[in-house]
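Quick look at query-v3.tsv (TSV, C-alpha atoms and all ligand atoms):
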```tsv
chain	number	residue	atom	x	y	z
A	1	MET	CA	-14.54	-11.63	-105.09
A	2	MET	CA	-13.65	-15.19	-106.07
A	3	TYR	CA	-16.51	-17.68	-106.60
A	4	ASP	CA	-16.01	-21.38	-105.94
A	5	ILE	CA	-18.00	-22.23	-109.07
A	6	VAL	CA	-19.51	-20.35	-111.99
A	7	ILE	CA	-22.20	-22.40	-113.76
A	8	ILE	CA	-22.87	-21.34	-117.35
A	9	GLY	CA	-26.38	-22.39	-118.45
A	10	GLY	CA	-29.82	-22.79	-116.89
A	11	GLY	CA	-31.21	-25.92	-118.57
A	12	PRO	CA	-31.57	-29.27	-116.77
A	13	ALA	CA	-27.77	-29.48	-116.42
A	14	GLY	CA	-27.21	-25.94	-115.10
A	15	CYS	CA	-30.18	-26.10	-112.72
A	16	ALA	CA	-29.17	-29.47	-111.29
A	17	ALA	CA	-25.66	-28.10	-110.73
A	18	GLY	CA	-27.11	-24.97	-109.10
A	19	VAL	CA	-29.12	-27.01	-106.59
A	20	TYR	CA	-26.18	-29.25	-105.68
A	21	ALA	CA	-23.64	-26.40	-105.51
A	22	ALA	CA	-25.89	-24.46	-103.12
A	23	ARG	CA	-26.49	-27.51	-100.95
A	24	LYS	CA	-22.72	-28.04	-100.71
A	25	LYS	CA	-22.50	-24.39	-99.59
A	26	LEU	CA	-20.25	-23.47	-102.49
A	27	LYS	CA	-19.98	-19.79	-103.34
A	28	ALA	CA	-21.84	-20.21	-106.62
A	29	LEU	CA	-22.93	-18.03	-109.52
A	30	LEU	CA	-25.28	-19.24	-112.25
A	31	LEU	CA	-25.23	-17.28	-115.50
A	32	THR	CA	-27.88	-18.11	-118.05
A	33	GLU	CA	-29.57	-16.73	-121.11
A	34	THR	CA	-32.87	-18.43	-120.19
A	35	PHE	CA	-34.16	-21.08	-117.80
A	36	GLY	CA	-35.42	-24.52	-118.78
A	37	GLY	CA	-33.38	-25.55	-121.80
A	38	GLN	CA	-34.30	-26.91	-125.19
A	39	SER	CA	-37.30	-29.05	-124.32
A	40	ILE	CA	-39.20	-25.95	-123.13
A	41	VAL	CA	-41.00	-26.09	-126.51
A	42	SER	CA	-42.20	-29.66	-125.98
A	43	ASP	CA	-45.92	-30.13	-125.21
A	44	ASP	CA	-45.52	-33.38	-123.39
A	45	ILE	CA	-42.35	-34.83	-121.89
A	46	GLN	CA	-43.00	-38.37	-120.72
A	47	ASN	CA	-39.57	-39.51	-119.61
A	48	TRP	CA	-38.56	-36.93	-117.01
A	49	VAL	CA	-38.15	-39.31	-114.10
A	50	GLY	CA	-40.64	-38.54	-111.34
A	51	ALA	CA	-43.29	-37.08	-113.66
A	52	LYS	CA	-45.41	-39.33	-115.90
A	53	SER	CA	-46.11	-36.35	-118.12
A	54	ILE	CA	-45.00	-32.74	-117.95
A	55	SER	CA	-44.95	-29.89	-120.47
A	56	GLY	CA	-41.61	-28.34	-121.34
A	57	PHE	CA	-42.92	-25.04	-119.99
A	58	ASP	CA	-43.75	-26.57	-116.59
A	59	LEU	CA	-40.45	-28.43	-116.47
A	60	ALA	CA	-38.64	-25.12	-117.08
A	61	LYS	CA	-40.71	-23.43	-114.36
A	62	ASN	CA	-39.94	-26.23	-111.88
A	63	LEU	CA	-36.22	-26.13	-112.67
A	64	GLU	CA	-36.05	-22.37	-112.18
A	65	GLU	CA	-38.09	-22.49	-108.96
A	66	HIS	CA	-35.90	-25.26	-107.56
A	67	VAL	CA	-32.70	-23.29	-108.14
A	68	ARG	CA	-34.19	-20.04	-106.86
A	69	ALA	CA	-35.33	-21.82	-103.67
A	70	GLN	CA	-31.69	-22.53	-102.74
A	71	GLU	CA	-30.00	-20.22	-100.30
A	72	GLY	CA	-26.77	-18.56	-101.26
A	73	ILE	CA	-26.69	-19.08	-105.02
A	74	GLU	CA	-26.36	-15.94	-107.10
A	75	ILE	CA	-28.28	-15.93	-110.40
A	76	LYS	CA	-27.81	-13.66	-113.41
A	77	VAL	CA	-30.46	-13.97	-116.12
A	78	PRO	CA	-30.57	-13.10	-118.97
A	79	GLU	CA	-26.78	-13.04	-119.13
A	80	LYS	CA	-24.54	-15.21	-121.27
A	81	GLY	CA	-21.04	-16.46	-120.63
A	82	ALA	CA	-19.12	-15.07	-123.60
A	83	ALA	CA	-15.51	-16.00	-122.80
A	84	VAL	CA	-13.54	-17.92	-120.19
A	85	LYS	CA	-9.83	-17.29	-119.60
A	86	GLU	CA	-7.33	-18.70	-117.15
A	87	ILE	CA	-6.09	-16.39	-114.39
A	88	LYS	CA	-3.97	-16.98	-111.29
A	89	GLY	CA	-5.87	-19.36	-109.00
A	90	GLY	CA	-8.69	-20.02	-111.42
A	91	PHE	CA	-10.62	-18.45	-114.27
A	92	GLU	CA	-12.29	-15.25	-115.35
A	93	VAL	CA	-15.67	-15.47	-117.05
A	94	THR	CA	-16.68	-12.49	-119.18
A	95	SER	CA	-20.36	-12.14	-119.91
A	96	ASP	CA	-22.14	-10.72	-122.94
A	97	LYS	CA	-22.96	-7.71	-120.76
A	98	GLY	CA	-19.23	-7.02	-120.32
A	99	ALA	CA	-19.19	-8.07	-116.64
A	100	THR	CA	-16.31	-10.24	-115.39
A	101	TYR	CA	-16.48	-12.91	-112.70
A	102	GLN	CA	-13.48	-14.60	-111.07
A	103	THR	CA	-13.91	-18.20	-110.03
A	104	LYS	CA	-11.92	-21.19	-108.86
A	105	THR	CA	-13.87	-23.57	-111.12
A	106	VAL	CA	-16.26	-23.38	-114.07
A	107	LEU	CA	-19.04	-25.74	-115.11
A	108	ILE	CA	-20.08	-25.38	-118.74
A	109	ALA	CA	-23.76	-26.38	-119.01
A	110	SER	CA	-24.74	-24.23	-121.98
A	111	GLY	CA	-26.32	-27.02	-124.06
A	112	GLY	CA	-26.98	-26.59	-127.76
A	113	ARG	CA	-28.89	-24.57	-130.32
A	114	ARG	CA	-30.72	-25.52	-133.52
A	115	ARG	CA	-28.69	-26.55	-136.55
A	116	LYS	CA	-29.72	-24.96	-139.84
A	117	LEU	CA	-29.89	-26.59	-143.28
A	118	GLY	CA	-27.53	-24.09	-144.88
A	119	VAL	CA	-29.21	-24.36	-148.29
A	120	PRO	CA	-30.39	-21.61	-150.66
A	121	GLY	CA	-33.76	-20.16	-149.66
A	122	GLU	CA	-33.59	-21.15	-145.99
A	123	GLU	CA	-32.82	-17.67	-144.65
A	124	LYS	CA	-35.08	-15.91	-147.18
A	125	PHE	CA	-38.09	-18.00	-146.13
A	126	ASN	CA	-37.31	-18.15	-142.41
A	127	GLY	CA	-40.67	-17.25	-140.82
A	128	LYS	CA	-42.32	-17.45	-144.24
A	129	GLY	CA	-42.86	-21.18	-144.24
A	130	VAL	CA	-39.51	-22.29	-142.80
A	131	ALA	CA	-39.93	-23.06	-139.09
A	132	TYR	CA	-37.74	-24.43	-136.30
A	133	CYS	CA	-40.30	-25.01	-133.55
A	134	SER	CA	-43.24	-27.29	-134.27
A	135	THR	CA	-44.81	-26.77	-130.85
A	136	CYS	CA	-44.85	-23.04	-131.46
A	137	ASP	CA	-45.79	-23.02	-135.14
A	138	ALA	CA	-47.71	-26.22	-136.03
A	139	PRO	CA	-51.17	-24.54	-135.81
A	140	LEU	CA	-50.07	-22.01	-138.47
A	141	PHE	CA	-49.88	-24.84	-141.01
A	142	LYS	CA	-53.49	-26.03	-140.69
A	143	GLY	CA	-54.60	-27.84	-143.84
A	144	LYS	CA	-51.18	-27.53	-145.53
A	145	THR	CA	-48.78	-30.13	-146.85
A	146	VAL	CA	-45.56	-29.84	-144.88
A	147	VAL	CA	-42.20	-31.51	-144.72
A	148	VAL	CA	-40.19	-32.21	-141.58
A	149	VAL	CA	-36.46	-32.47	-142.28
A	150	GLY	CA	-34.76	-34.79	-139.80
A	151	GLY	CA	-35.65	-38.29	-138.64
A	152	GLY	CA	-34.21	-38.13	-135.10
A	153	ASN	CA	-36.32	-37.57	-131.98
A	154	ALA	CA	-36.84	-33.87	-132.64
A	155	GLY	CA	-38.05	-34.59	-136.20
A	156	LEU	CA	-40.40	-37.34	-135.05
A	157	GLU	CA	-41.83	-35.10	-132.32
A	158	ALA	CA	-42.33	-32.33	-134.86
A	159	ALA	CA	-44.27	-34.71	-137.12
A	160	VAL	CA	-46.43	-35.78	-134.16
A	161	ASP	CA	-47.08	-32.11	-133.31
A	162	LEU	CA	-48.18	-31.53	-136.92
A	163	LEU	CA	-50.57	-34.51	-137.11
A	164	PRO	CA	-53.62	-32.60	-135.81
A	165	TYR	CA	-53.06	-29.69	-138.21
A	166	ALA	CA	-51.31	-30.59	-141.47
A	167	ALA	CA	-53.11	-32.20	-144.41
A	168	LYS	CA	-50.05	-34.26	-145.29
A	169	ILE	CA	-46.60	-34.67	-143.74
A	170	TYR	CA	-43.40	-35.77	-145.44
A	171	LEU	CA	-40.65	-36.86	-143.08
A	172	LEU	CA	-37.22	-36.59	-144.67
A	173	GLU	CA	-34.22	-38.47	-143.32
A	174	PHE	CA	-30.65	-38.12	-144.63
A	175	GLY	CA	-29.65	-41.67	-143.65
A	176	SER	CA	-31.12	-44.98	-144.67
A	177	ALA	CA	-33.49	-45.25	-141.67
A	178	LEU	CA	-35.20	-43.06	-139.07
A	179	LYS	CA	-33.14	-42.65	-135.90
A	180	GLY	CA	-35.67	-41.53	-133.29
A	181	ASP	CA	-37.59	-43.38	-130.62
A	182	PRO	CA	-39.16	-46.61	-132.05
A	183	VAL	CA	-42.48	-46.00	-130.22
A	184	THR	CA	-42.92	-42.62	-131.94
A	185	GLN	CA	-41.76	-44.10	-135.26
A	186	ALA	CA	-44.49	-46.75	-134.97
A	187	GLU	CA	-47.12	-44.07	-134.23
A	188	LEU	CA	-46.13	-42.11	-137.34
A	189	LYS	CA	-45.90	-45.17	-139.58
A	190	LYS	CA	-49.51	-45.99	-138.64
A	191	SER	CA	-50.77	-42.63	-139.94
A	192	PRO	CA	-51.90	-42.49	-143.59
A	193	MET	CA	-50.98	-38.77	-143.55
A	194	VAL	CA	-47.26	-39.44	-143.10
A	195	THR	CA	-44.84	-40.39	-145.87
A	196	ILE	CA	-41.29	-41.24	-144.83
A	197	ILE	CA	-38.51	-40.55	-147.33
A	198	THR	CA	-35.02	-41.81	-146.49
A	199	ASN	CA	-31.62	-41.15	-148.12
A	200	ALA	CA	-32.72	-37.59	-148.84
A	201	GLN	CA	-30.34	-34.64	-148.92
A	202	THR	CA	-32.07	-31.26	-148.85
A	203	LYS	CA	-30.85	-28.95	-151.62
A	204	GLU	CA	-33.06	-25.88	-151.74
A	205	VAL	CA	-36.04	-24.15	-150.22
A	206	MET	CA	-38.26	-22.87	-153.01
A	207	GLY	CA	-40.94	-20.21	-153.04
A	208	ASP	CA	-42.05	-16.77	-154.09
A	209	LYS	CA	-43.41	-14.76	-151.17
A	210	PHE	CA	-43.88	-17.92	-149.08
A	211	VAL	CA	-42.46	-21.45	-149.21
A	212	SER	CA	-43.87	-23.52	-152.08
A	213	GLY	CA	-41.49	-26.46	-152.24
A	214	LEU	CA	-38.38	-28.28	-151.14
A	215	LYS	CA	-35.81	-29.69	-153.52
A	216	TYR	CA	-33.84	-32.74	-152.38
A	217	SER	CA	-31.56	-35.27	-153.92
A	218	ASP	CA	-32.16	-39.00	-153.51
A	219	ARG	CA	-28.75	-40.13	-152.23
A	220	SER	CA	-29.24	-43.67	-153.52
A	221	THR	CA	-29.92	-42.62	-157.15
A	222	ASN	CA	-28.56	-39.01	-157.24
A	223	GLU	CA	-31.90	-38.00	-158.72
A	224	GLU	CA	-33.18	-34.49	-157.83
A	225	LYS	CA	-36.78	-34.35	-156.67
A	226	THR	CA	-39.16	-31.63	-155.54
A	227	LEU	CA	-41.87	-31.82	-152.90
A	228	GLU	CA	-44.67	-29.27	-153.19
A	229	VAL	CA	-45.12	-28.09	-149.63
A	230	GLY	CA	-46.39	-25.02	-147.83
A	231	GLY	CA	-44.17	-25.47	-144.79
A	232	ILE	CA	-40.75	-26.82	-143.85
A	233	PHE	CA	-39.85	-27.79	-140.31
A	234	VAL	CA	-36.09	-28.06	-139.79
A	235	GLU	CA	-35.22	-30.60	-137.08
A	236	ILE	CA	-31.67	-31.69	-137.83
A	237	GLY	CA	-30.12	-31.53	-134.43
A	238	SER	CA	-28.16	-28.97	-132.54
A	239	ILE	CA	-24.83	-27.19	-132.37
A	240	PRO	CA	-23.06	-27.17	-128.99
A	241	ASN	CA	-22.82	-23.75	-127.29
A	242	SER	CA	-19.15	-24.22	-126.51
A	243	GLU	CA	-17.64	-21.13	-128.16
A	244	MET	CA	-16.74	-19.49	-124.84
A	245	VAL	CA	-14.10	-22.17	-124.11
A	246	LYS	CA	-12.78	-22.72	-127.63
A	247	GLY	CA	-9.01	-23.18	-127.44
A	248	LEU	CA	-9.15	-23.68	-123.67
A	249	VAL	CA	-10.58	-27.21	-123.53
A	250	GLU	CA	-10.43	-30.10	-125.99
A	251	MET	CA	-13.41	-30.58	-128.29
A	252	ASN	CA	-14.40	-33.00	-131.03
A	253	PRO	CA	-14.71	-31.78	-134.64
A	254	ILE	CA	-18.33	-30.72	-134.13
A	255	GLY	CA	-17.48	-28.56	-131.12
A	256	GLU	CA	-18.71	-30.87	-128.37
A	257	ILE	CA	-16.54	-30.63	-125.25
A	258	LEU	CA	-14.66	-33.86	-124.53
A	259	VAL	CA	-15.25	-34.98	-120.96
A	260	ASP	CA	-13.98	-37.76	-118.75
A	261	HIS	CA	-17.32	-39.51	-118.26
A	262	LYS	CA	-16.44	-40.61	-114.72
A	263	HIS	CA	-16.19	-37.05	-113.38
A	264	SER	CA	-17.45	-34.83	-116.24
A	265	SER	CA	-14.12	-33.00	-116.11
A	266	THR	CA	-12.60	-31.50	-119.25
A	267	SER	CA	-9.01	-31.52	-120.50
A	268	LYS	CA	-8.44	-28.27	-118.53
A	269	VAL	CA	-8.03	-28.75	-114.78
A	270	GLY	CA	-10.66	-26.55	-113.08
A	271	ILE	CA	-13.22	-26.70	-115.91
A	272	TRP	CA	-16.05	-29.25	-116.03
A	273	ALA	CA	-18.81	-29.66	-118.61
A	274	ALA	CA	-22.14	-31.50	-118.55
A	275	GLY	CA	-25.16	-32.11	-120.74
A	276	ASP	CA	-25.74	-31.48	-124.43
A	277	VAL	CA	-22.61	-29.32	-124.76
A	278	THR	CA	-20.45	-32.42	-124.21
A	279	ASP	CA	-19.56	-35.43	-126.33
A	280	ASP	CA	-22.01	-37.63	-124.42
A	281	PRO	CA	-23.83	-39.56	-127.16
A	282	TYR	CA	-27.21	-39.42	-125.43
A	283	LYS	CA	-28.81	-35.97	-125.36
A	284	GLN	CA	-31.52	-36.23	-122.73
A	285	ASN	CA	-32.87	-34.12	-119.87
A	286	ASN	CA	-32.20	-36.78	-117.21
A	287	ILE	CA	-28.67	-37.39	-118.47
A	288	SER	CA	-27.85	-33.68	-118.53
A	289	ALA	CA	-29.10	-33.26	-114.98
A	290	GLY	CA	-27.32	-36.41	-113.74
A	291	ASP	CA	-24.01	-35.55	-115.36
A	292	ALA	CA	-24.16	-32.03	-113.94
A	293	VAL	CA	-24.70	-33.47	-110.46
A	294	LYS	CA	-21.67	-35.71	-111.00
A	295	ALA	CA	-19.66	-32.69	-112.16
A	296	THR	CA	-20.72	-30.58	-109.16
A	297	LEU	CA	-19.80	-33.31	-106.66
A	298	SER	CA	-16.49	-33.73	-108.45
A	299	ILE	CA	-15.91	-29.95	-108.24
A	300	TYR	CA	-16.73	-30.04	-104.52
A	301	ASN	CA	-14.15	-32.80	-103.96
A	302	TYR	CA	-11.59	-30.95	-106.09
A	303	LEU	CA	-12.05	-27.78	-104.00
A	304	LEU	CA	-11.69	-29.79	-100.76
A	305	LYS	CA	-8.59	-31.64	-101.97
A	306	THR	CA	-6.86	-28.58	-103.36
A	307	LYS	CA	-8.10	-26.48	-100.38
A	308	LYS	CA	-8.95	-23.76	-102.83
A	401	LIG	C1	-38.05	-30.27	-129.28
A	401	LIG	C2	-37.24	-31.05	-128.28
A	401	LIG	C3	-37.86	-31.98	-127.47
A	401	LIG	C4	-37.14	-32.73	-126.56
A	401	LIG	N1	-37.79	-33.64	-125.79
A	401	LIG	C5	-37.09	-34.35	-124.87
A	401	LIG	C6	-37.76	-35.30	-124.04
A	401	LIG	O1	-38.97	-35.54	-124.17
A	401	LIG	N2	-37.01	-35.95	-123.12
A	401	LIG	C7	-35.66	-35.74	-122.95
A	401	LIG	O2	-35.05	-36.34	-122.08
A	401	LIG	N3	-35.02	-34.85	-123.73
A	401	LIG	C8	-35.69	-34.16	-124.69
A	401	LIG	N4	-35.02	-33.28	-125.50
A	401	LIG	C9	-33.57	-33.12	-125.30
A	401	LIG	C10	-33.31	-32.22	-124.08
A	401	LIG	O3	-34.06	-31.04	-124.24
A	401	LIG	C11	-31.84	-31.90	-123.94
A	401	LIG	O4	-31.09	-33.10	-123.86
A	401	LIG	C12	-31.60	-31.08	-122.68
A	401	LIG	O5	-32.36	-29.90	-122.70
A	401	LIG	C13	-30.14	-30.71	-122.53
A	401	LIG	O6	-30.00	-30.01	-121.35
A	401	LIG	P1	-28.75	-29.05	-121.09
A	401	LIG	O7	-28.99	-28.41	-119.76
A	401	LIG	O8	-27.51	-29.81	-121.29
A	401	LIG	O9	-28.78	-27.96	-122.25
A	401	LIG	P2	-29.94	-27.01	-122.79
A	401	LIG	O10	-31.27	-27.60	-122.56
A	401	LIG	O11	-29.54	-26.65	-124.17
A	401	LIG	O12	-29.82	-25.74	-121.86
A	401	LIG	C14	-28.77	-24.82	-121.99
A	401	LIG	C15	-29.12	-23.55	-121.26
A	401	LIG	O13	-28.02	-22.67	-121.30
A	401	LIG	C16	-28.40	-21.39	-121.76
A	401	LIG	N5	-27.23	-20.88	-122.52
A	401	LIG	C17	-26.87	-21.18	-123.79
A	401	LIG	N6	-25.71	-20.56	-124.11
A	401	LIG	C18	-25.36	-19.85	-123.00
A	401	LIG	C19	-24.25	-19.01	-122.68
A	401	LIG	N7	-23.29	-18.75	-123.56
A	401	LIG	N8	-24.22	-18.45	-121.45
A	401	LIG	C20	-25.21	-18.70	-120.55
A	401	LIG	N9	-26.28	-19.48	-120.80
A	401	LIG	C21	-26.33	-20.06	-122.00
A	401	LIG	C22	-29.65	-21.60	-122.58
A	401	LIG	O14	-30.45	-20.43	-122.52
A	401	LIG	C23	-30.30	-22.79	-121.87
A	401	LIG	O15	-31.14	-22.40	-120.83
A	401	LIG	C24	-35.73	-32.53	-126.43
A	401	LIG	C25	-35.10	-31.57	-127.23
A	401	LIG	C26	-35.83	-30.85	-128.15
A	401	LIG	C27	-35.12	-29.83	-129.02
```
Starting from the file, give its structure as structure tokens.
Ligand SMILES: Cc1cc2nc3c(=O)[nH]c(=O)nc-3n(C[C@H](O)[C@H](O)[C@H](O)COP(=O)(O)OP(=O)(O)OC[C@H]3O[C@@H](n4cnc5c(N)ncnc54)[C@H](O)[C@@H]3O)c2cc1C
Amino acid sequence: MMYDIVIIGGGPAGCAAGVYAARKKLKALLLTETFGGQSIVSDDIQNWVGAKSISGFDLAKNLEEHVRAQEGIEIKVPEKGAAVKEIKGGFEVTSDKGATYQTKTVLIASGGRRRKLGVPGEEKFNGKGVAYCSTCDAPLFKGKTVVVVGGGNAGLEAAVDLLPYAAKIYLLEFGSALKGDPVTQAELKKSPMVTIITNAQTKEVMGDKFVSGLKYSDRSTNEEKTLEVGGIFVEIGSIPNSEMVKGLVEMNPIGEILVDHKHSSTSKVGIWAAGDVTDDPYKQNNISAGDAVKATLSIYNYLLKTKK
């Protein structure tokens, strides 16, 4: 059996593509590890258009329900796309379960995963003071001094999540200024509990049985400094989940898939990509969903034109 489209991923991008593919009556398969995407851990999303406020959990539930309500779309979950190869008339997607699916087109919507610090002590103290999800773990750090590494949106949100629990919060940014949303920056700057440290390069996670400190170097003076903390939240961005098409489509040096932003098509005819897995500079739920819709409509037109 040959699908018209195999969608890899079930975040905002994959779900939006699933809805549109089904409504265009494409023979569609959606393969995903989980539904909902990265913001599932967020307590309060306030910029998902159409909802003044929604939790990441509810957004994930709505996305899954919307796709499942479509007639004709086949869904495999939990199942990951592990490899994509070109075959006559299209592509073959191999999943992590060893299944193979033939398809005329592929939409990569597999998003990203958390980037790690890669410094000594990080792995040893993972779960013993080193955390990657503030929404999940903030209450465990009640009354402690903690540090959030990363001054982008994820880092700022983590610091906000920690405000009701931690005794003191350091916010460490590698660059010379915070990068996240100015409204959230202002909220944090108002709090006497938050100290912002810029130009800081993390060097080591310290501890015995549990985290006791974080060593960093001040990039403006090269001086090494240590913060005594009982918790470290790592929020330094994500790595694109693009491994399954490595060598098949063009990527930038950090593994983001290069797309033509008019159609969301990749360098390989027949493969599209949308959302956080691409080189789009803005990683947002609405953008992922919108770009996936664009990609799906472009795929529909491609299938019509090529009469595939
Ligand atoms: C803590 C946090 C809070 C955020 N808050 C906001 C916010 O308030 N507003 C906003 O607009 N954005 C927010 N973002 C950013 C937003 O979550 C992302 O831009 C968005 O989720 C990207 O959607 P996506 O569908 O491209 O990818 P993802 O959300 O990463 O979804 C990818 C999906 O694909 C699945 N998958 C991964 N690899 C494979 C594979 N090989 N095969 C099959 N399936 C796979 C995953 O399980 C996942 O379901 C936040 C991000 C974080 C981390």
Got a sec: who's within 12 Å of Trp48 in chain A, counting only C-alpha atoms, leaving out chain neighbours fewer than 3 positions off, as a ChimeraX atom specification? /A:12,39,44-45,51-56,58-60,62-63,284-290
What does the distance from CA of Val93 in chain A to CA of Ile73 in chain A come to in Å, to one decimal?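 Computing the Euclidean distance for CA of Val93 in chain A and CA of Ile73 in chain A yields 16.7 Å.
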Closest atom pairs, chain A residues within 7 Å of ligand LIG 401 (chain A), only C-alpha atoms and all ligand atoms, as a tab-separated table:
```
residue	atom	partner	partner_atom	distance
A:Ile8	CA	A:LIG401	C20	4.8
A:Gly9	CA	A:LIG401	O13	3.3
A:Gly10	CA	A:LIG401	O15	4.2
A:Gly11	CA	A:LIG401	O7	3.5
A:Pro12	CA	A:LIG401	O7	4.0
A:Ala13	CA	A:LIG401	O7	3.7
A:Gly14	CA	A:LIG401	O7	5.6
A:Leu31	CA	A:LIG401	C20	5.2
A:Thr32	CA	A:LIG401	N9	3.5
A:Glu33	CA	A:LIG401	O14	4.1
A:Thr34	CA	A:LIG401	O14	3.9
A:Phe35	CA	A:LIG401	O15	4.5
A:Gly36	CA	A:LIG401	O15	5.2
A:Gly37	CA	A:LIG401	O10	3.0
A:Gln38	CA	A:LIG401	O10	4.1
A:Ser39	CA	A:LIG401	O3	3.8
A:Val41	CA	A:LIG401	C1	5.8
A:Ser42	CA	A:LIG401	C3	5.1
A:Asp44	CA	A:LIG401	O1	6.9
A:Ile45	CA	A:LIG401	O1	4.1
A:Gln46	CA	A:LIG401	O1	6.0
A:Asn47	CA	A:LIG401	N2	5.6
A:Trp48	CA	A:LIG401	O2	6.2
A:Glu79	CA	A:LIG401	C20	6.0
A:Lys80	CA	A:LIG401	N8	3.3
A:Gly81	CA	A:LIG401	N8	3.8
A:Ala82	CA	A:LIG401	N7	5.6
A:Ala109	CA	A:LIG401	O8	5.6
A:Ser110	CA	A:LIG401	O13	3.7
A:Gly111	CA	A:LIG401	O9	3.2
A:Gly112	CA	A:LIG401	O11	4.4
A:Arg113	CA	A:LIG401	O11	6.5
A:Ala154	CA	A:LIG401	C1	5.1
A:Glu157	CA	A:LIG401	C1	6.8
A:Asn241	CA	A:LIG401	N6	5.4
A:Met244	CA	A:LIG401	N7	6.7
A:Ala274	CA	A:LIG401	O8	6.3
A:Gly275	CA	A:LIG401	O8	3.3
A:Asp276	CA	A:LIG401	O8	4.0
A:Val277	CA	A:LIG401	O8	6.0
A:Lys283	CA	A:LIG401	O4	4.0
A:Gln284	CA	A:LIG401	O4	3.4
A:Asn285	CA	A:LIG401	O2	3.8
A:Asn286	CA	A:LIG401	O2	5.7
A:Ser288	CA	A:LIG401	O8	4.8
A:Ala289	CA	A:LIG401	O7	6.8
```
Can I get the selected residues back with C-alpha atoms, as a compact mmCIF listing (two decimals), in the frame of the given file?
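This went into out-v9.txt:
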```txt
# COMPACT_ATOMS: atom_id res chain seq x y z
CA ILE A 8 -22.87 -21.34 -117.35
CA GLY A 9 -26.38 -22.39 -118.45
CA GLY A 10 -29.82 -22.79 -116.89
CA GLY A 11 -31.21 -25.92 -118.57
CA PRO A 12 -31.57 -29.27 -116.77
CA ALA A 13 -27.77 -29.48 -116.42
CA GLY A 14 -27.21 -25.94 -115.10
CA LEU A 31 -25.23 -17.28 -115.50
CA THR A 32 -27.88 -18.11 -118.05
CA GLU A 33 -29.57 -16.73 -121.11
CA THR A 34 -32.87 -18.43 -120.19
CA PHE A 35 -34.16 -21.08 -117.80
CA GLY A 36 -35.42 -24.52 -118.78
CA GLY A 37 -33.38 -25.55 -121.80
CA GLN A 38 -34.30 -26.91 -125.19
CA SER A 39 -37.30 -29.05 -124.32
CA VAL A 41 -41.00 -26.09 -126.51
CA SER A 42 -42.20 -29.66 -125.98
CA ASP A 44 -45.52 -33.38 -123.39
CA ILE A 45 -42.35 -34.83 -121.89
CA GLN A 46 -43.00 -38.37 -120.72
CA ASN A 47 -39.57 -39.51 -119.61
CA TRP A 48 -38.56 -36.93 -117.01
CA GLU A 79 -26.78 -13.04 -119.13
CA LYS A 80 -24.54 -15.21 -121.27
CA GLY A 81 -21.04 -16.46 -120.63
CA ALA A 82 -19.12 -15.07 -123.60
CA ALA A 109 -23.76 -26.38 -119.01
CA SER A 110 -24.74 -24.23 -121.98
CA GLY A 111 -26.32 -27.02 -124.06
CA GLY A 112 -26.98 -26.59 -127.76
CA ARG A 113 -28.89 -24.57 -130.32
CA ALA A 154 -36.84 -33.87 -132.64
CA GLU A 157 -41.83 -35.10 -132.32
CA ASN A 241 -22.82 -23.75 -127.29
CA MET A 244 -16.74 -19.49 -124.84
CA ALA A 274 -22.14 -31.50 -118.55
CA GLY A 275 -25.16 -32.11 -120.74
CA ASP A 276 -25.74 -31.48 -124.43
CA VAL A 277 -22.61 -29.32 -124.76
CA LYS A 283 -28.81 -35.97 -125.36
CA GLN A 284 -31.52 -36.23 -122.73
CA ASN A 285 -32.87 -34.12 -119.87
CA ASN A 286 -32.20 -36.78 -117.21
CA SER A 288 -27.85 -33.68 -118.53
CA ALA A 289 -29.10 -33.26 -114.98
```
With a cut-off of 9 Å, could you pull out the residues of range 133-158 of chain A touching range 170-184 of chain A and give me the nearest pair of atoms for each, distance in Å to one decimal, using only C-alpha atoms, ordered by chain and ascending number, as CSV?
```
residue,atom,partner,partner_atom,distance
A:Thr145,CA,A:Tyr170,CA,7.9
A:Val146,CA,A:Tyr170,CA,6.3
A:Val147,CA,A:Tyr170,CA,4.5
A:Val148,CA,A:Leu171,CA,4.9
A:Val149,CA,A:Leu172,CA,4.8
A:Gly150,CA,A:Glu173,CA,5.1
A:Gly151,CA,A:Leu178,CA,4.8
A:Gly152,CA,A:Gly180,CA,4.1
A:Asn153,CA,A:Gly180,CA,4.2
A:Ala154,CA,A:Gly180,CA,7.8
A:Gly155,CA,A:Leu171,CA,7.7
A:Leu156,CA,A:Gly180,CA,6.6
A:Glu157,CA,A:Thr184,CA,7.6
```
For a cutoff of 12 Å around the file-coordinate point (-33.1, -19.1, -107.0), which residues qualify once you count all atoms listed in the file? I'd like the result as a PyMOL selection string. chain A and resi 10+15-16+18-19+22+28-31+35+61-77
Quick one, how far is CA of Asn199 in chain A from CA of Arg219 in chain A?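 That distance, rounded to one decimal, is 5.1 Å.
Taking all atoms listed in the file into account, Ile299 in chain A lies nearest to A:Leu26 out of the set A:Leu227, A:Leu26, A:Ala131, A:Val119.
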Figure out the distance between CA of Ala295 in chain A and CA of Lys24 in chain A, please, to one decimal in Å.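 Value for the CA of Lys24 in chain A-CA of Ala295 in chain A distance: 12.7 Å.
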As a list in words, please: the residues near Ala158 in chain A (cut-off 8 Å, all atoms listed in the file, same-chain neighbours under 3 positions excluded).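 That gives Cys133, Ser134, Thr135, Val148, Ala154, Gly155, Asp161, Leu162, Phe233 and Glu235 of chain A.
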So, counting all atoms listed in the file, which residue among A:Tyr165, A:Pro78, A:Ile40, A:Phe125 is closest to Leu214 in chain A? A:Phe125
Counting only C-alpha atoms, the option among A:Gly270, A:Phe57, A:Lys294, A:Asn301 closest to Gly89 in chain A: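 Of the candidates, the smallest distance to Gly89 in chain A is held by A:Gly270.
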